[in-house]
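Undergrad: Encoded as structure tokens, here's the structure I'll be asking about.
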Amino acid sequence: MKILETCNVSYSYKTDGEETIGVKNVSLSVERGEFLVLLGHNGCGKSTLAKLTNGLLMPDEGTITVSGIPTSDEDRIYEVRSKVGMVFQNPDNQMVASVIEDDVAFGPENLGVERSEIVKRVEWALRSVDMEKYRKGTPFKLSGGQKQRVAIAAVLAMKPEILILDESTAMLDPAGREEVLSVVKRLNKEEGMTVILITHYMDEAADADRVVVMSEGKIVASGAPIEIFSDRELISRCRLQAPVCCGVMHKLNALGFRVNPVLTDEEAAEEICRLK
Amino acid sequence: MSIEIKNLSCVYGVRTPYEKKALDNISFTVNEGESVGLIGMTGSGKSTLLQHLNGLIKLKSGSVKVFDIDLSKRRPDLMKLRKHVGMLFQYPEYQLFADTVKDDIMFGPLNFGMKKPEAEEAAARAAELTGLNWEDVKDRSPLELSGGQKRRVAIAGILAYSPDILVLDEPTAGLDPLGKKEMLDLIASLRKTTVSTVITVSHNMDEIAEYCDRVIVLSDGKLLYDTTPAKLFYEEDLAPLHLQPPHAVRIVRLLENKGIRLPHDVLTEDQLVAAIKEYFSGGGHA
Amino acid sequence: MRNVAFGQYYPTGSFIHRLDPRTKLFAGIVFIAAAFVADSYWAYLACYAFLIFVILVSKIPILQVLKTIKSVFFIILLSVILNVFFHHEGKVLVSWWKIKITAGGLLYSGQIILRLMFLVLSTSLITLTSTPTELTDGLEKVMSPLKYLRFPVHDVAIIMSIALRFIPTLMEETDKITMAQKARGAKFDTGGPFARAKALLPVLIPLFVSAFRRADELAFALDARCYNATEARTKMKILRFGWKDLTAFLFLALFLTVIAFFRSGFFGLL
């Protein structure tokens, strides 16, 4: 079942009479439980698309539906936003409270969820991201990875059906990225959460069910990670960079060694071994 | 010797509940012409160390010497130090402030005592070095440039006063893959033409492996390793530091478990391809 | 990192820390009242005895509390100077040209010092023992009757809470930008007042740009988390007065009585 559908969606930013294209004619549908990675160079329209899916921006043209609810339905916009949980890039700019549990409670409080239920949700959400120890603490003292986990918990507390991470790992160090990714992957595997991960880190895309590539406001490719990363022409045209193992396989092929495309270092080693 | 650090320690918030040892007895030297990678997680003491290199924090224990400027002496010449050591902070585009690109790049040179025409000339030269088109950008507001261009302006703002050492704190953070590559190539070309001694902070081991000839690893305020990339990635266990060795090194190690031994100086994609070619075309084929 | 002197939350988990924020806000009013009601040295003695007692109960090191004086030191100094020179009463001790220092003036200045110090110390004790969230929650609750006058109590509380939440972030940012500009040779401590003010621009402009950028992102984040979704907003934490608060109230009442008793006028009545 489709949980998110965008149909011929266009949006442009208007400043001082000038228009810049955000996204152009984008049609994308996402299955329930899917792990989708969205790639593209800076300014390709990834973030715009993300903001369109939960009604933070309204399309100039086209329609977007979340679980059958069109984002244009003004009466149900908050329902849409609670279904599409969004985690942003800068962990510092999405926290409202000085105490972690208060920050997590903010969403459900806004939705008017009953008190006893909020308490339960906050506890559950913080446990899901492994941050329950810090519930009384202040976000200021946390590491980047911990802050982003709290931001995920804050979104989970609204009981969303889709989790969108808009470059949420970009400002983190490797340990932080690892923390956030493992939480997101677990939510996808164990809770069946639909995930849209927007990132510049190609190795984060290797595990995805599907990779969608955007360039200059348009979707230019969509497919399994292995198909996308073995398409050298696409990769360079869209200002991306394939993971090292893909590059190695490609270059070996060019040298006349018969190896198959791979996605991980382990698979690369297997392939090279077969050359013996 | 360009930089000489001996027994440097630094404690924050002494006698408060937030007391923290940011640096613990650090000693190392950096020679002219070296490209040093500095690795450490958030909170490892990296930022504090960098601040010492520019006299931005008061030296309390140990000594820091940059050329002939000794920070442990009374009243060291900080302006001279800062002119010697050009420091690019994280997300440097957020520090641009002037109305025009020209004024922003000229800020440093003027502060360090250049006259206006001289400073403008230096600014133009620095901008071109970073790949900006001077005539194109000089009168524009830095705020209306793209992210990658802003960062170039920030770098030009430092190159304009001709520092002898460049310290770069995560120069590729927040850029997209191609932007990262362009930035690293820019730094590599600057090393050949302009500033030969560079210290780069990075979390990306593939970048470190490709662009640095020496690595220093900080953890919990202590200097854990000071060695070559090959030694670090092949001989030390980096897992406790949450660091993954470069992909090429990982593949070499996986191959080793399967009985294919490649030389332990393979650090990058191209080196790996060459080593595999060598191995299978007779070289080390057992 | 910068020292945030004025009343940064200092967790010890003491009796005082666990009081309802409304009780502490009320205590703040009592402190201010006491500082103005007290007008004899005996009354001040009582004030300080009380203050020391509260500090001991709060388990915060006395030095930490005294640090908060630093931020208002100059205000205290200024008011003392003004009073020494311009409050004329009683025996003249020094008289030179137009300047006269009187015994009454000195005594009065002494009282001013004691009064201001008491004000600062006692009120910063509130911020030292309560988190910003507790204080905003308390204020929101205390102000809640204003809702019926169409005053946007909740929005004001959110704005305060966000402002408090961003103080450390912006302080850190200020430090970063200052360092970055210093690295480029900026000098902040030379020249006349005009030159110094101008030297601050390279810090202030990026700081403002960044604050706007943050505000922009934060607005999206607030919307994404359904801010303003419903009039019937709920709250996870409900403030409740407990026996601790009752004890505190009784204690405050006792304190006020003692101060009032020591008022010089009061003695006259006896």
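Chain labels follow the order of the structure tokens: the first chain is A, the next B, and so on; residue numbering restarts at 1 in every chain, and ligands are counted from 1 in their shown order.
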Show me which bits of chain C are within 10 Å of chain A, counting only C-alpha atoms, as a PDB file with N, CA and C atoms, in the first residue's frame.

TA:
```pdb
ATOM      1  N   THR C 131      15.239  25.052  36.964  1.00  0.00           N
ATOM      2  CA  THR C 131      15.571  25.025  35.541  1.00  0.00           C
ATOM      3  C   THR C 131      14.726  26.091  34.844  1.00  0.00           C
ATOM      4  N   PRO C 132      15.213  26.569  33.697  1.00  0.00           N
ATOM      5  CA  PRO C 132      14.439  27.563  32.945  1.00  0.00           C
ATOM      6  C   PRO C 132      13.021  27.080  32.648  1.00  0.00           C
ATOM      7  N   THR C 133      12.898  25.786  32.332  1.00  0.00           N
ATOM      8  CA  THR C 133      11.567  25.261  32.018  1.00  0.00           C
ATOM      9  C   THR C 133      10.650  25.379  33.215  1.00  0.00           C
ATOM     10  N   GLU C 134      11.183  25.043  34.391  1.00  0.00           N
ATOM     11  CA  GLU C 134      10.356  25.145  35.595  1.00  0.00           C
ATOM     12  C   GLU C 134       9.869  26.575  35.770  1.00  0.00           C
ATOM     13  N   ILE C 158       5.967  30.005  25.503  1.00  0.00           N
ATOM     14  CA  ILE C 158       6.795  29.308  24.505  1.00  0.00           C
ATOM     15  C   ILE C 158       7.956  30.201  24.079  1.00  0.00           C
ATOM     16  N   ILE C 159       7.647  31.484  23.842  1.00  0.00           N
ATOM     17  CA  ILE C 159       8.710  32.408  23.426  1.00  0.00           C
ATOM     18  C   ILE C 159       9.788  32.475  24.501  1.00  0.00           C
ATOM     19  N   MET C 160       9.349  32.579  25.757  1.00  0.00           N
ATOM     20  CA  MET C 160      10.331  32.636  26.855  1.00  0.00           C
ATOM     21  C   MET C 160      11.147  31.363  26.919  1.00  0.00           C
ATOM     22  N   SER C 161      10.438  30.247  26.783  1.00  0.00           N
ATOM     23  CA  SER C 161      11.125  28.972  26.897  1.00  0.00           C
ATOM     24  C   SER C 161      12.160  28.825  25.774  1.00  0.00           C
ATOM     25  N   ILE C 162      11.792  29.225  24.564  1.00  0.00           N
ATOM     26  CA  ILE C 162      12.727  29.126  23.441  1.00  0.00           C
ATOM     27  C   ILE C 162      13.899  30.091  23.636  1.00  0.00           C
ATOM     28  N   ALA C 163      13.569  31.304  24.117  1.00  0.00           N
ATOM     29  CA  ALA C 163      14.632  32.280  24.349  1.00  0.00           C
ATOM     30  C   ALA C 163      15.648  31.713  25.338  1.00  0.00           C
ATOM     31  N   LEU C 164      15.144  31.150  26.430  1.00  0.00           N
ATOM     32  CA  LEU C 164      16.043  30.585  27.442  1.00  0.00           C
ATOM     33  C   LEU C 164      16.836  29.427  26.876  1.00  0.00           C
ATOM     34  N   ARG C 165      16.164  28.626  26.071  1.00  0.00           N
ATOM     35  CA  ARG C 165      16.803  27.461  25.487  1.00  0.00           C
ATOM     36  C   ARG C 165      17.954  27.894  24.554  1.00  0.00           C
ATOM     37  N   PHE C 166      17.792  29.055  23.896  1.00  0.00           N
ATOM     38  CA  PHE C 166      18.793  29.464  22.918  1.00  0.00           C
ATOM     39  C   PHE C 166      19.912  30.321  23.510  1.00  0.00           C
ATOM     40  N   PRO C 168      22.283  29.629  25.789  1.00  0.00           N
ATOM     41  CA  PRO C 168      23.607  28.997  25.712  1.00  0.00           C
ATOM     42  C   PRO C 168      24.082  28.798  24.278  1.00  0.00           C
ATOM     43  N   THR C 169      23.171  28.437  23.374  1.00  0.00           N
ATOM     44  CA  THR C 169      23.550  28.217  21.980  1.00  0.00           C
ATOM     45  C   THR C 169      24.127  29.492  21.370  1.00  0.00           C
ATOM     46  N   ALA C 211      21.207  34.136  13.799  1.00  0.00           N
ATOM     47  CA  ALA C 211      19.996  34.067  14.620  1.00  0.00           C
ATOM     48  C   ALA C 211      18.754  34.005  13.724  1.00  0.00           C
ATOM     49  N   ARG C 213      18.692  32.828  10.643  1.00  0.00           N
ATOM     50  CA  ARG C 213      18.669  31.516  10.015  1.00  0.00           C
ATOM     51  C   ARG C 213      18.102  30.474  10.984  1.00  0.00           C
ATOM     52  N   ARG C 214      18.556  30.554  12.225  1.00  0.00           N
ATOM     53  CA  ARG C 214      18.053  29.622  13.231  1.00  0.00           C
ATOM     54  C   ARG C 214      16.553  29.792  13.429  1.00  0.00           C
ATOM     55  N   ALA C 215      16.115  31.044  13.491  1.00  0.00           N
ATOM     56  CA  ALA C 215      14.697  31.313  13.710  1.00  0.00           C
ATOM     57  C   ALA C 215      13.872  30.704  12.576  1.00  0.00           C
ATOM     58  N   ASP C 216      14.400  30.835  11.360  1.00  0.00           N
ATOM     59  CA  ASP C 216      13.728  30.307  10.198  1.00  0.00           C
ATOM     60  C   ASP C 216      13.577  28.793  10.303  1.00  0.00           C
ATOM     61  N   GLU C 217      14.683  28.132  10.628  1.00  0.00           N
ATOM     62  CA  GLU C 217      14.646  26.675  10.749  1.00  0.00           C
ATOM     63  C   GLU C 217      13.744  26.248  11.896  1.00  0.00           C
ATOM     64  N   LEU C 218      13.832  27.016  12.986  1.00  0.00           N
ATOM     65  CA  LEU C 218      13.026  26.683  14.156  1.00  0.00           C
ATOM     66  C   LEU C 218      11.537  26.801  13.831  1.00  0.00           C
ATOM     67  N   ALA C 219      11.186  27.789  13.018  1.00  0.00           N
ATOM     68  CA  ALA C 219       9.778  27.966  12.654  1.00  0.00           C
ATOM     69  C   ALA C 219       9.270  26.723  11.927  1.00  0.00           C
ATOM     70  N   PHE C 220      10.102  26.185  11.010  1.00  0.00           N
ATOM     71  CA  PHE C 220       9.714  24.950  10.331  1.00  0.00           C
ATOM     72  C   PHE C 220       9.582  23.810  11.337  1.00  0.00           C
ATOM     73  N   ALA C 221      10.557  23.749  12.264  1.00  0.00           N
ATOM     74  CA  ALA C 221      10.536  22.652  13.236  1.00  0.00           C
ATOM     75  C   ALA C 221       9.289  22.735  14.119  1.00  0.00           C
ATOM     76  N   LEU C 222       8.897  23.953  14.515  1.00  0.00           N
ATOM     77  CA  LEU C 222       7.698  24.122  15.345  1.00  0.00           C
ATOM     78  C   LEU C 222       6.468  23.658  14.573  1.00  0.00           C
ATOM     79  N   ASP C 223       6.381  24.086  13.308  1.00  0.00           N
ATOM     80  CA  ASP C 223       5.242  23.685  12.493  1.00  0.00           C
ATOM     81  C   ASP C 223       5.213  22.182  12.298  1.00  0.00           C
ATOM     82  N   ALA C 224       6.389  21.614  12.032  1.00  0.00           N
ATOM     83  CA  ALA C 224       6.457  20.181  11.786  1.00  0.00           C
ATOM     84  C   ALA C 224       6.007  19.406  13.016  1.00  0.00           C
ATOM     85  N   ARG C 225       6.128  20.018  14.186  1.00  0.00           N
ATOM     86  CA  ARG C 225       5.685  19.320  15.390  1.00  0.00           C
ATOM     87  C   ARG C 225       4.322  19.834  15.847  1.00  0.00           C
ATOM     88  N   CYS C 226       3.572  20.329  14.874  1.00  0.00           N
ATOM     89  CA  CYS C 226       2.154  20.631  15.074  1.00  0.00           C
ATOM     90  C   CYS C 226       1.898  21.722  16.094  1.00  0.00           C
ATOM     91  N   TYR C 227       2.762  22.699  16.159  1.00  0.00           N
ATOM     92  CA  TYR C 227       2.506  23.823  17.061  1.00  0.00           C
ATOM     93  C   TYR C 227       1.227  24.514  16.623  1.00  0.00           C
ATOM     94  N   ASN C 228       0.367  24.859  17.597  1.00  0.00           N
ATOM     95  CA  ASN C 228      -0.908  25.519  17.303  1.00  0.00           C
ATOM     96  C   ASN C 228      -1.930  24.605  16.656  1.00  0.00           C
ATOM     97  N   ALA C 229      -1.757  23.281  16.780  1.00  0.00           N
ATOM     98  CA  ALA C 229      -2.699  22.372  16.141  1.00  0.00           C
ATOM     99  C   ALA C 229      -4.083  22.520  16.747  1.00  0.00           C
ATOM    100  N   THR C 230      -4.136  22.703  18.046  1.00  0.00           N
ATOM    101  CA  THR C 230      -5.441  22.737  18.695  1.00  0.00           C
ATOM    102  C   THR C 230      -5.439  23.735  19.847  1.00  0.00           C
ATOM    103  N   GLU C 231      -6.622  24.260  20.107  1.00  0.00           N
ATOM    104  CA  GLU C 231      -6.789  25.145  21.262  1.00  0.00           C
ATOM    105  C   GLU C 231      -6.644  24.333  22.551  1.00  0.00           C
ATOM    106  N   ALA C 232      -7.029  23.058  22.438  1.00  0.00           N
ATOM    107  CA  ALA C 232      -7.061  22.214  23.626  1.00  0.00           C
ATOM    108  C   ALA C 232      -5.708  21.566  23.856  1.00  0.00           C
ATOM    109  N   ARG C 233      -4.664  22.387  23.924  1.00  0.00           N
ATOM    110  CA  ARG C 233      -3.334  21.867  24.153  1.00  0.00           C
ATOM    111  C   ARG C 233      -3.273  21.236  25.543  1.00  0.00           C
ATOM    112  N   THR C 234      -2.546  20.121  25.655  1.00  0.00           N
ATOM    113  CA  THR C 234      -2.425  19.485  26.975  1.00  0.00           C
ATOM    114  C   THR C 234      -1.015  19.706  27.503  1.00  0.00           C
ATOM    115  N   LYS C 235      -0.783  19.339  28.748  1.00  0.00           N
ATOM    116  CA  LYS C 235       0.553  19.481  29.330  1.00  0.00           C
ATOM    117  C   LYS C 235       0.952  18.178  29.987  1.00  0.00           C
ATOM    118  N   MET C 236       2.216  17.814  29.799  1.00  0.00           N
ATOM    119  CA  MET C 236       2.670  16.586  30.429  1.00  0.00           C
ATOM    120  C   MET C 236       2.868  16.797  31.921  1.00  0.00           C
ATOM    121  N   LYS C 237       3.455  17.935  32.256  1.00  0.00           N
ATOM    122  CA  LYS C 237       3.771  18.158  33.658  1.00  0.00           C
ATOM    123  C   LYS C 237       2.717  19.052  34.290  1.00  0.00           C
ATOM    124  N   ILE C 238       2.182  18.607  35.378  1.00  0.00           N
ATOM    125  CA  ILE C 238       1.224  19.445  36.090  1.00  0.00           C
ATOM    126  C   ILE C 238       1.881  19.866  37.384  1.00  0.00           C
TER     127      ILE C 238
END
```

Undergrad: Compile the contact shell of Phe50 in chain C as a ChimeraX atom specification: residues with an atom at most 10 Å away, counting only C-alpha atoms, same-chain residues fewer than 6 positions apart removed.

TA: /C:44,56,122,251-252,255

Undergrad: Smallest atom-to-atom distance to chain B: which of C:Ala248, C:Ala253, C:Leu200, C:Val94, using only C-alpha atoms?

TA: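 Ranking C:Ala248, C:Ala253, C:Leu200, C:Val94 by distance to chain B, first place goes to C:Leu200.
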
Undergrad: Taking the DSSP assignment computed from this structure's backbone, write out as number ranges by chain all residues of range 53-109 of chain C that belong to strand (DSSP E).

TA: C: 92-96, 99-102

Undergrad: Assign secondary structure with DSSP using the backbone only, and return the residues of range 229-268 of chain A in alpha helix (DSSP H) as a list of chain:residue names.

TA: A:Phe229, A:Ser230, A:Arg232, A:Glu233, A:Leu234, A:Ile235, A:Ser236, A:Arg237, A:Val244, A:Cys245, A:Cys246, A:Gly247, A:Val248, A:Met249, A:His250, A:Lys251, A:Leu252, A:Asn253, A:Ala254, A:Asp265, A:Glu266, A:Glu267, A:Ala268

Undergrad: Do a neighbour search on Cys47 in chain C at 12 Å with only C-alpha atoms, toss out local chain neighbours closer than 5 positions, and write the hits as a PyMOL selection string.

TA: chain C and resi 30-42+52-54+114-119+121-122+252+254-260+262-263

Undergrad: I need the chosen residues saved as an mmCIF file, in the first residue's frame, with N, CA and C atoms.

TA:
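Full text of selection25.cif as output:
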```
data_model
loop_
_atom_site.group_PDB
_atom_site.id
_atom_site.type_symbol
_atom_site.label_atom_id
_atom_site.label_comp_id
_atom_site.auth_asym_id
_atom_site.auth_seq_id
_atom_site.Cartn_x
_atom_site.Cartn_y
_atom_site.Cartn_z
ATOM 1 N N VAL C 30 8.618 37.897 48.006
ATOM 2 C CA VAL C 30 8.835 38.121 49.447
ATOM 3 C C VAL C 30 10.227 38.708 49.684
ATOM 4 N N PHE C 31 11.234 38.188 48.981
ATOM 5 C CA PHE C 31 12.599 38.705 49.151
ATOM 6 C C PHE C 31 12.655 40.188 48.803
ATOM 7 N N ILE C 32 12.043 40.515 47.663
ATOM 8 C CA ILE C 32 12.078 41.907 47.218
ATOM 9 C C ILE C 32 11.365 42.792 48.244
ATOM 10 N N ALA C 33 10.223 42.315 48.694
ATOM 11 C CA ALA C 33 9.476 43.075 49.695
ATOM 12 C C ALA C 33 10.335 43.258 50.938
ATOM 13 N N ALA C 34 10.965 42.164 51.375
ATOM 14 C CA ALA C 34 11.771 42.218 52.595
ATOM 15 C C ALA C 34 12.886 43.241 52.451
ATOM 16 N N ALA C 35 13.515 43.254 51.267
ATOM 17 C CA ALA C 35 14.627 44.163 51.055
ATOM 18 C C ALA C 35 14.173 45.613 51.202
ATOM 19 N N PHE C 36 12.924 45.884 50.847
ATOM 20 C CA PHE C 36 12.466 47.264 50.941
ATOM 21 C C PHE C 36 11.842 47.596 52.282
ATOM 22 N N VAL C 37 11.302 46.569 52.930
ATOM 23 C CA VAL C 37 10.706 46.801 54.248
ATOM 24 C C VAL C 37 11.820 46.994 55.281
ATOM 25 N N ALA C 38 12.882 46.211 55.137
ATOM 26 C CA ALA C 38 13.956 46.266 56.128
ATOM 27 C C ALA C 38 14.612 47.644 56.105
ATOM 28 N N ASP C 39 14.729 48.264 57.267
ATOM 29 C CA ASP C 39 15.402 49.562 57.276
ATOM 30 C C ASP C 39 16.249 49.763 58.528
ATOM 31 N N SER C 40 16.505 48.671 59.236
ATOM 32 C CA SER C 40 17.420 48.796 60.364
ATOM 33 C C SER C 40 18.488 47.719 60.235
ATOM 34 N N TYR C 41 19.612 47.915 60.918
ATOM 35 C CA TYR C 41 20.671 46.909 60.810
ATOM 36 C C TYR C 41 20.229 45.574 61.379
ATOM 37 N N TRP C 42 19.343 45.628 62.370
ATOM 38 C CA TRP C 42 18.830 44.365 62.904
ATOM 39 C C TRP C 42 18.041 43.617 61.845
ATOM 40 N N ILE C 52 21.548 32.974 54.490
ATOM 41 C CA ILE C 52 22.569 31.948 54.694
ATOM 42 C C ILE C 52 21.915 30.596 54.963
ATOM 43 N N PHE C 53 20.850 30.635 55.746
ATOM 44 C CA PHE C 53 20.137 29.406 56.035
ATOM 45 C C PHE C 53 19.631 28.759 54.728
ATOM 46 N N VAL C 54 19.032 29.587 53.868
ATOM 47 C CA VAL C 54 18.489 29.052 52.608
ATOM 48 C C VAL C 54 19.604 28.486 51.731
ATOM 49 N N LEU C 114 23.890 46.627 51.608
ATOM 50 C CA LEU C 114 23.281 45.423 52.163
ATOM 51 C C LEU C 114 21.984 45.084 51.427
ATOM 52 N N ARG C 115 21.220 46.118 51.114
ATOM 53 C CA ARG C 115 19.932 45.905 50.485
ATOM 54 C C ARG C 115 20.097 45.352 49.066
ATOM 55 N N LEU C 116 20.960 45.997 48.273
ATOM 56 C CA LEU C 116 21.149 45.540 46.890
ATOM 57 C C LEU C 116 21.725 44.134 46.839
ATOM 58 N N MET C 117 22.720 43.910 47.736
ATOM 59 C CA MET C 117 23.324 42.586 47.728
ATOM 60 C C MET C 117 22.300 41.523 48.083
ATOM 61 N N PHE C 118 21.463 41.839 49.049
ATOM 62 C CA PHE C 118 20.445 40.873 49.442
ATOM 63 C C PHE C 118 19.507 40.588 48.269
ATOM 64 N N LEU C 119 19.136 41.660 47.579
ATOM 65 C CA LEU C 119 18.236 41.503 46.427
ATOM 66 C C LEU C 119 18.836 40.563 45.382
ATOM 67 N N LEU C 121 21.450 38.452 45.611
ATOM 68 C CA LEU C 121 21.747 37.098 46.075
ATOM 69 C C LEU C 121 20.477 36.267 46.200
ATOM 70 N N SER C 122 19.445 36.855 46.790
ATOM 71 C CA SER C 122 18.253 36.049 47.042
ATOM 72 C C SER C 122 17.551 35.696 45.737
ATOM 73 N N LEU C 252 8.436 31.450 54.968
ATOM 74 C CA LEU C 252 8.495 32.797 54.397
ATOM 75 C C LEU C 252 7.654 33.768 55.232
ATOM 76 N N LEU C 254 7.002 33.548 58.381
ATOM 77 C CA LEU C 254 7.760 33.783 59.607
ATOM 78 C C LEU C 254 8.841 34.837 59.349
ATOM 79 N N PHE C 255 9.518 34.669 58.228
ATOM 80 C CA PHE C 255 10.603 35.576 57.857
ATOM 81 C C PHE C 255 10.093 37.012 57.740
ATOM 82 N N LEU C 256 8.988 37.181 57.023
ATOM 83 C CA LEU C 256 8.416 38.522 56.841
ATOM 84 C C LEU C 256 8.044 39.145 58.191
ATOM 85 N N THR C 257 7.472 38.331 59.069
ATOM 86 C CA THR C 257 7.083 38.830 60.385
ATOM 87 C C THR C 257 8.310 39.338 61.142
ATOM 88 N N VAL C 258 9.367 38.543 61.068
ATOM 89 C CA VAL C 258 10.592 38.929 61.789
ATOM 90 C C VAL C 258 11.116 40.260 61.266
ATOM 91 N N ILE C 259 11.152 40.386 59.935
ATOM 92 C CA ILE C 259 11.650 41.623 59.331
ATOM 93 C C ILE C 259 10.793 42.808 59.754
ATOM 94 N N ALA C 260 9.491 42.597 59.684
ATOM 95 C CA ALA C 260 8.575 43.671 60.049
ATOM 96 C C ALA C 260 8.786 44.059 61.510
ATOM 97 N N PHE C 262 11.494 43.918 63.181
ATOM 98 C CA PHE C 262 12.743 44.659 63.366
ATOM 99 C C PHE C 262 12.703 46.054 62.756
ATOM 100 N N ARG C 263 11.666 46.333 62.003
ATOM 101 C CA ARG C 263 11.567 47.677 61.436
ATOM 102 C C ARG C 263 11.667 48.695 62.554
#
```
